[in-house]
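Asks: Structure: my_file_8.txt, compact mmCIF, C-alpha atoms.
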# COMPACT_ATOMS: atom_id res chain seq x y z
CA MET A 1 -92.02 -43.27 -23.10
CA ALA A 2 -92.30 -39.53 -23.68
CA THR A 3 -92.77 -38.43 -27.23
CA ALA A 4 -89.91 -36.29 -28.53
CA THR A 5 -90.99 -32.83 -29.53
CA ASN A 6 -89.43 -30.73 -32.23
CA ALA A 7 -87.32 -27.86 -30.96
CA PRO A 8 -88.89 -24.47 -31.69
CA ALA A 9 -87.55 -22.77 -34.79
CA PRO A 10 -85.06 -20.01 -33.95
CA THR A 11 -86.17 -16.42 -34.34
CA LEU A 12 -84.22 -15.05 -37.30
CA ILE A 13 -83.60 -11.35 -37.89
CA VAL A 14 -83.93 -10.83 -41.62
CA SER A 15 -81.93 -7.58 -41.69
CA VAL A 16 -78.96 -9.32 -40.04
CA GLN A 17 -79.17 -12.16 -42.56
CA ARG A 18 -79.18 -9.67 -45.40
CA ALA A 19 -76.25 -7.71 -43.97
CA LEU A 20 -74.20 -10.88 -43.60
CA ARG A 21 -75.09 -11.90 -47.14
CA LEU A 22 -73.86 -8.51 -48.35
CA LEU A 23 -70.59 -8.87 -46.41
CA GLU A 24 -70.00 -12.28 -47.98
CA THR A 25 -70.70 -10.82 -51.42
CA VAL A 26 -68.30 -7.92 -50.88
CA SER A 27 -65.59 -10.31 -49.63
CA SER A 28 -65.77 -12.17 -52.93
CA HIS A 29 -64.59 -9.00 -54.71
CA PRO A 30 -61.09 -8.10 -53.42
CA ASP A 31 -61.02 -5.01 -55.65
CA GLY A 32 -64.51 -3.96 -54.63
CA ALA A 33 -67.84 -3.80 -56.42
CA PRO A 34 -70.57 -1.15 -56.87
CA ALA A 35 -73.88 -1.23 -54.99
CA LYS A 36 -75.96 -2.37 -57.96
CA GLN A 37 -73.74 -5.38 -58.60
CA LEU A 38 -73.67 -6.31 -54.91
CA ALA A 39 -77.45 -6.04 -54.62
CA ARG A 40 -77.92 -8.27 -57.66
CA GLU A 41 -75.44 -10.92 -56.50
CA ALA A 42 -76.82 -10.93 -52.94
CA GLY A 43 -80.38 -11.17 -54.23
CA LEU A 44 -81.51 -7.98 -52.48
CA PRO A 45 -83.70 -5.09 -53.62
CA LEU A 46 -81.50 -2.13 -54.50
CA PRO A 47 -83.02 0.24 -51.88
CA THR A 48 -82.44 -2.38 -49.17
CA ALA A 49 -78.88 -2.95 -50.34
CA TYR A 50 -78.17 0.80 -50.30
CA HIS A 51 -79.49 1.10 -46.73
CA LEU A 52 -77.41 -1.84 -45.48
CA LEU A 53 -74.29 -0.71 -47.33
CA ARG A 54 -74.52 2.75 -45.75
CA THR A 55 -74.94 1.22 -42.29
CA LEU A 56 -72.07 -1.24 -42.72
CA THR A 57 -69.83 1.54 -44.04
CA HIS A 58 -70.73 3.79 -41.09
CA GLU A 59 -69.73 0.98 -38.67
CA ASP A 60 -66.42 0.39 -40.53
CA TYR A 61 -67.40 -3.08 -41.72
CA LEU A 62 -67.12 -1.76 -45.27
CA ARG A 63 -65.20 0.97 -47.07
CA ARG A 64 -66.51 2.99 -49.97
CA GLU A 65 -63.99 4.42 -52.40
CA LYS A 66 -64.63 5.68 -55.91
CA GLY A 67 -68.09 4.15 -55.96
CA VAL A 68 -67.11 0.61 -54.97
CA PHE A 69 -67.35 -1.16 -51.62
CA THR A 70 -64.56 -3.23 -50.04
CA ILE A 71 -64.12 -4.97 -46.68
CA GLY A 72 -63.47 -2.51 -43.85
CA GLU A 73 -61.33 -2.38 -40.75
CA ALA A 74 -63.94 -3.88 -38.41
CA VAL A 75 -64.02 -7.10 -40.45
CA GLU A 76 -60.23 -7.14 -40.58
CA ARG A 77 -60.10 -6.85 -36.79
CA LEU A 78 -62.47 -9.80 -36.46
CA ALA A 79 -60.32 -11.84 -38.82
CA ALA A 80 -57.15 -10.88 -36.94
CA GLY A 81 -58.74 -12.04 -33.69
CA GLY A 82 -59.36 -15.46 -35.23
CA VAL A 83 -55.78 -15.68 -36.44
CA LEU A 84 -54.45 -14.83 -32.98
CA GLN A 85 -56.66 -17.47 -31.41
CA ASN A 86 -55.34 -20.05 -33.86
CA ARG A 87 -51.77 -19.00 -33.05
CA ARG A 88 -52.38 -19.37 -29.33
CA THR A 89 -53.93 -22.80 -29.87
CA THR A 90 -50.89 -23.90 -31.89
CA LEU A 91 -48.51 -22.72 -29.18
CA VAL A 92 -50.48 -24.32 -26.34
CA ASP A 93 -50.69 -27.60 -28.25
CA SER A 94 -46.89 -27.64 -28.54
CA LEU A 95 -46.38 -26.81 -24.87
CA GLU A 96 -48.86 -29.50 -23.84
CA HIS A 97 -47.00 -32.06 -25.95
CA TRP A 98 -43.74 -31.32 -24.11
CA ARG A 99 -45.49 -31.15 -20.75
CA ASP A 100 -46.60 -34.75 -21.30
CA ALA A 101 -43.25 -35.87 -22.75
CA ILE A 102 -41.23 -34.35 -19.90
CA GLY A 103 -43.73 -34.75 -17.07
CA ALA A 104 -43.45 -31.14 -15.92
CA PRO A 105 -45.38 -27.89 -16.47
CA VAL A 106 -44.05 -25.84 -19.38
CA TYR A 107 -44.16 -22.03 -19.52
CA PHE A 108 -43.61 -19.56 -22.36
CA ALA A 109 -42.95 -15.86 -21.72
CA VAL A 110 -41.81 -12.81 -23.66
CA TYR A 111 -40.44 -9.38 -22.82
CA ARG A 112 -42.78 -6.93 -24.51
CA GLU A 113 -43.07 -3.15 -24.19
CA GLY A 114 -40.92 -3.10 -21.09
CA GLU A 115 -42.77 -5.83 -19.23
CA ILE A 116 -42.44 -9.56 -18.60
CA GLU A 117 -45.49 -11.27 -20.05
CA LEU A 118 -46.41 -14.87 -19.36
CA VAL A 119 -48.02 -15.88 -22.68
CA ALA A 120 -48.98 -19.51 -22.07
CA VAL A 121 -48.66 -22.30 -19.50
CA ALA A 122 -49.25 -26.01 -20.04
CA ASP A 123 -49.82 -27.88 -16.80
CA SER A 124 -52.01 -30.68 -15.50
CA PRO A 125 -53.12 -32.21 -12.19
CA CYS A 126 -50.12 -34.52 -12.40
CA ALA A 127 -47.77 -31.66 -13.33
CA PRO A 128 -49.18 -28.51 -11.68
CA ALA A 129 -47.72 -25.10 -12.41
CA ALA A 130 -46.14 -23.06 -9.65
CA ALA A 131 -48.72 -20.74 -8.09
CA GLU A 132 -48.29 -17.06 -9.00
CA TRP A 133 -48.40 -15.89 -5.41
CA ALA A 134 -46.39 -12.72 -6.09
CA ASP A 135 -47.01 -10.55 -9.18
CA PHE A 136 -45.09 -12.20 -12.01
CA ARG A 137 -44.19 -8.96 -13.81
CA GLU A 138 -42.87 -7.25 -10.70
CA THR A 139 -40.75 -10.19 -9.51
CA GLY A 140 -38.78 -10.98 -12.67
CA HIS A 141 -35.56 -10.75 -10.65
CA ALA A 142 -36.65 -13.81 -8.65
CA HIS A 143 -38.01 -16.39 -11.09
CA ALA A 144 -36.08 -18.22 -13.79
CA LEU A 145 -38.22 -16.94 -16.66
CA GLY A 146 -37.72 -13.34 -15.59
CA GLN A 147 -33.98 -13.72 -15.09
CA CYS A 148 -33.72 -15.43 -18.47
CA LEU A 149 -35.61 -12.59 -20.19
CA LEU A 150 -33.65 -9.86 -18.41
CA SER A 151 -30.36 -11.52 -19.34
CA GLN A 152 -31.32 -11.08 -23.01
CA LEU A 153 -31.68 -7.29 -22.66
CA ASP A 154 -28.82 -4.87 -22.98
CA GLU A 155 -27.45 -3.23 -19.83
CA GLN A 156 -29.62 -0.12 -20.19
CA GLY A 157 -32.72 -2.24 -20.76
CA ARG A 158 -32.06 -4.14 -17.55
CA ARG A 159 -31.52 -0.97 -15.56
CA ASP A 160 -34.68 0.60 -16.96
CA HIS A 161 -36.65 -2.50 -15.96
CA LEU A 162 -35.23 -2.54 -12.44
CA ASP A 163 -35.96 1.18 -12.04
CA ARG A 164 -39.64 0.29 -12.50
CA HIS A 165 -39.53 -3.04 -10.68
CA PRO A 166 -36.89 -2.77 -7.95
CA VAL A 167 -35.11 -5.83 -6.60
CA GLN A 168 -36.54 -6.99 -3.31
CA PRO A 169 -36.50 -10.39 -1.62
CA VAL A 170 -39.44 -12.60 -2.52
CA THR A 171 -38.25 -15.57 -0.46
CA PRO A 172 -35.21 -16.01 1.81
CA ARG A 173 -33.42 -17.49 -1.21
CA SER A 174 -34.06 -14.54 -3.56
CA VAL A 175 -31.28 -12.29 -4.79
CA CYS A 176 -31.26 -9.46 -2.29
CA ASP A 177 -29.95 -6.42 -4.14
CA ARG A 178 -29.74 -4.84 -7.59
CA ARG A 179 -25.95 -4.94 -7.95
CA THR A 180 -25.81 -8.69 -7.28
CA LEU A 181 -28.58 -9.34 -9.76
CA LEU A 182 -26.95 -7.23 -12.52
CA GLU A 183 -23.65 -9.05 -12.00
CA ARG A 184 -25.43 -12.39 -12.20
CA LEU A 185 -27.27 -11.42 -15.39
CA ALA A 186 -24.11 -10.08 -17.05
CA SER A 187 -22.26 -13.33 -16.33
CA ARG A 188 -24.86 -15.58 -18.00
CA GLU A 189 -23.51 -17.62 -20.88
CA ARG A 190 -25.51 -17.33 -24.09
CA MET A 191 -28.13 -20.09 -24.55
CA GLN A 192 -27.37 -21.68 -21.18
CA PRO A 193 -30.38 -22.48 -18.98
CA VAL A 194 -31.15 -20.19 -16.05
CA VAL A 195 -31.81 -22.20 -12.90
CA GLU A 196 -33.34 -20.91 -9.68
CA ARG A 197 -34.04 -22.90 -6.55
CA GLY A 198 -36.73 -21.48 -4.31
CA GLU A 199 -36.03 -17.83 -5.23
CA TYR A 200 -39.62 -17.21 -6.30
CA ALA A 201 -41.48 -20.01 -4.51
CA LEU A 202 -40.04 -22.08 -1.68
CA GLY A 203 -40.22 -25.78 -2.43
CA THR A 204 -39.98 -25.23 -6.19
CA VAL A 205 -37.05 -25.37 -8.61
CA CYS A 206 -37.24 -23.88 -12.09
CA ALA A 207 -35.09 -23.72 -15.22
CA ALA A 208 -35.57 -21.43 -18.23
CA ILE A 209 -34.05 -21.44 -21.71
CA PRO A 210 -33.65 -18.31 -23.86
CA ILE A 211 -35.41 -18.30 -27.21
CA THR A 212 -33.62 -16.26 -29.88
CA ALA A 213 -35.17 -16.05 -33.32
CA GLY A 214 -34.78 -12.39 -34.20
CA PHE A 215 -38.00 -11.17 -32.58
CA GLY A 216 -36.78 -10.03 -29.16
CA ALA A 217 -36.50 -11.63 -25.76
CA ALA A 218 -38.46 -14.81 -25.11
CA ALA A 219 -38.01 -17.84 -22.89
CA ILE A 220 -39.44 -21.26 -22.20
CA ALA A 221 -39.24 -22.91 -18.78
CA ILE A 222 -40.21 -25.84 -16.60
CA SER A 223 -40.69 -26.15 -12.85
CA LEU A 224 -40.60 -29.08 -10.43
CA PRO A 225 -41.07 -29.69 -6.71
CA VAL A 226 -37.77 -29.43 -4.88
CA ASP A 227 -37.86 -33.14 -4.00
CA GLN A 228 -37.65 -33.87 -7.75
CA GLU A 229 -34.71 -31.53 -8.34
CA ASP A 230 -32.61 -34.35 -9.78
CA ARG A 231 -35.00 -34.36 -12.77
CA LEU A 232 -34.63 -30.64 -13.51
CA LEU A 233 -31.46 -30.48 -15.61
CA PRO A 234 -32.16 -33.65 -17.64
CA ALA A 235 -35.70 -32.38 -18.30
CA VAL A 236 -34.59 -28.92 -19.37
CA GLU A 237 -31.93 -30.48 -21.60
CA GLN A 238 -34.65 -32.57 -23.23
CA LEU A 239 -36.66 -29.40 -23.75
CA ARG A 240 -33.67 -27.54 -25.16
CA ASN A 241 -33.15 -30.31 -27.71
CA ALA A 242 -36.79 -29.81 -28.73
CA ILE A 243 -36.47 -26.06 -29.24
CA GLU A 244 -36.12 -26.33 -33.01
CA CYS A 245 -39.39 -28.26 -33.16
CA LEU A 246 -41.05 -25.67 -30.94
CA LEU A 247 -39.71 -22.62 -32.77
CA GLY A 248 -42.33 -22.80 -35.52
CA SER A 249 -45.24 -22.45 -33.11
CA ILE A 250 -43.35 -19.99 -30.89
CA VAL A 251 -42.40 -17.63 -33.73
CA PHE A 252 -45.94 -17.90 -35.12
CA SER A 253 -47.34 -17.03 -31.70
CA ILE A 254 -45.04 -14.19 -30.69
CA SER A 255 -47.56 -11.50 -31.63
CA ILE A 256 -50.26 -12.83 -29.25
Turn this file's structure into structure tokens for me.

Replies:
Amino acid sequence: MATATNAPAPTLIVSVQRALRLLETVSSHPDGAPAKQLAREAGLPLPTAYHLLRTLTHEDYLRREKGVFTIGEAVERLAAGGVLQNRRTTLVDSLEHWRDAIGAPVYFAVYREGEIELVAVADSPCAPAAAEWADFRETGHAHALGQCLLSQLDEQGRRDHLDRHPVQPVTPRSVCDRRTLLERLASRERMQPVVERGEYALGTVCAAIPITAGFGAAAIAISLPVDQEDRLLPAVEQLRNAIECLLGSIVFSISI
């Protein structure tokens, strides 16, 4: 039997360790602290602390105002990235729960800065998502999520979107012209699901539900193979009944 060997000790960069120690020390003082105090609390020689503080301030990891140092914008951006990742994880966890409960892929999309944005999809080998074979943003007139989002815009917002992404057939079942689409969108009843059958992908049916919580246009949807179409409306109704449970993670995740 081979004798286990100890893994080699990692090569540590002392200056990085000291800089991180300084950052931790600064973060413990929300109102800031002067260099001498930070050096003492971090256990660093004052000249070393001064050098690291200048470098960290130059790189925006720290701010210096009136002789005290506080956390800078670079650290705040790192923290914000962690928060966004946590938000996305919360949202995906919720979508995955309903994917398993319903037995269908679940999608969440928003309308942001004039574009349709697919934020998250929960699918599985047993419940695969519809393939994005045509650009999702440019074909909002064809798929249920896009139609659901566009129906939440005002008339001018819809026209502006269609000026940038003109209506054109995606499949033989797609809406074929702008006027027909605008009439369809204007006739949608509030909070009713939007259903499309093969308009974006032949062999697939999809239903989307509008999400309204004061933060703009958003929608959640499911898709199924056309031979399971009889499951579509009961499944989307089950999802609609779950919207209140989902709203917490959706509202928390809207800034992703």

Asks: Determine the nearest neighbour of A:Leu224 from the options A:Ala130, A:Ala208, A:Leu153, A:Leu118, counting all atoms listed in the file.

Replies: A:Ala130

Asks: So which residues touch A:Gly146 within 7 Å, counting all atoms listed in the file, skipping near sequence neighbours fewer than 5 positions away, as a count of residues only?

Replies: 3

Asks: Within 9 Å of stretch 26-37 of chain A, counting all atoms listed in the file, which residues show up once you throw out same-chain ones fewer than 3 positions away? Write them as a PyMOL selection string, please.

Replies: chain A and resi 21-23+40-42+46+49-50+53+62+64-65+67-71

Asks: What gap, in Å, lies between atom CA of A:Val236 and atom CA of A:Leu91?

Replies: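 Calculated distance between atom CA of A:Val236 and atom CA of A:Leu91 is 18.1 Å.
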
Asks: Identify which of the residues A:Ile211, A:Val167, A:Val106, A:Ala201 lies closest to A:Trp133, counting only C-alpha atoms when measuring atom-to-atom distances.

Replies: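 Closest to A:Trp133 of all the choices is A:Ala201.
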
Asks: Quick one: residues within 9 Å of stretch 171-173 of chain A, only C-alpha atoms, excluding same-chain residues fewer than 5 positions away - as a list in words?

Replies: Ala142, Arg197, Gly198, Glu199, Tyr200, Ala201 and Leu202 of chain A

Asks: Enter the distance from atom CA of A:Tyr61 to atom CA of A:Ala19, in Å, rounded to one decimal.

Replies: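 Computed distance, atom CA of A:Tyr61 to atom CA of A:Ala19, equals 10.2 Å.
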
Asks: Nearest residue to A:Ala221 out of A:Phe108, A:Arg240, A:Asp163, A:Gln156, using all atoms listed in the file?

Replies: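 The closest residue to A:Ala221 is A:Phe108.
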
Asks: Go through A:Leu44, A:Leu150, A:Ala39, A:Leu162 one by one, measure the shortest atom-to-atom distance of each to A:Arg179 using only C-alpha atoms, and give the residue with the smallest value.

Replies: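 For A:Arg179, the nearest of the given residues is A:Leu162.
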
Asks: Could you check the closest approach to A:Ala219 for each of A:Leu38, A:Leu95, A:Val175, A:Ala144 and tell me which residue wins, using all atoms listed in the file?

Replies: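 Selected residue with least distance to A:Ala219: A:Ala144.
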
Asks: Please compute the atom CA of A:Ser151-atom CA of A:Ala186 distance, one decimal, in Å.

Replies: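 Distance between the two atoms: 6.8 Å.
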
Asks: Env of A:Leu232: 10 Å cut, atoms = all atoms listed in the file, seq-sep filter 4 positions within chain, self excluded. Answer as a ChimeraX atom specification.

Replies: /A:102,104,195,205-207,222-226,228,236-238

Asks: Export stretch 27-44 of chain A, C-alpha atoms, as a PDB file, in the first residue's frame; it's the structure right above.

Replies:
ATOM      1  CA  SER A  27     -14.742  47.099   7.280  1.00  0.00           C
ATOM      2  CA  SER A  28     -15.084  46.864  11.056  1.00  0.00           C
ATOM      3  CA  HIS A  29     -15.219  50.686  11.216  1.00  0.00           C
ATOM      4  CA  PRO A  30     -18.305  51.887   9.274  1.00  0.00           C
ATOM      5  CA  ASP A  31     -17.393  55.516   9.999  1.00  0.00           C
ATOM      6  CA  GLY A  32     -13.765  55.002   9.052  1.00  0.00           C
ATOM      7  CA  ALA A  33     -10.513  54.966  10.992  1.00  0.00           C
ATOM      8  CA  PRO A  34      -7.104  56.665  10.621  1.00  0.00           C
ATOM      9  CA  ALA A  35      -4.008  54.861   9.345  1.00  0.00           C
ATOM     10  CA  LYS A  36      -2.319  54.570  12.742  1.00  0.00           C
ATOM     11  CA  GLN A  37      -5.347  52.884  14.300  1.00  0.00           C
ATOM     12  CA  LEU A  38      -5.751  50.528  11.342  1.00  0.00           C
ATOM     13  CA  ALA A  39      -2.072  49.571  11.417  1.00  0.00           C
ATOM     14  CA  ARG A  40      -2.256  48.834  15.132  1.00  0.00           C
ATOM     15  CA  GLU A  41      -5.437  46.755  14.892  1.00  0.00           C
ATOM     16  CA  ALA A  42      -4.186  44.837  11.840  1.00  0.00           C
ATOM     17  CA  GLY A  43      -0.843  44.182  13.519  1.00  0.00           C
ATOM     18  CA  LEU A  44       1.170  45.849  10.753  1.00  0.00           C
TER      19      LEU A  44
END
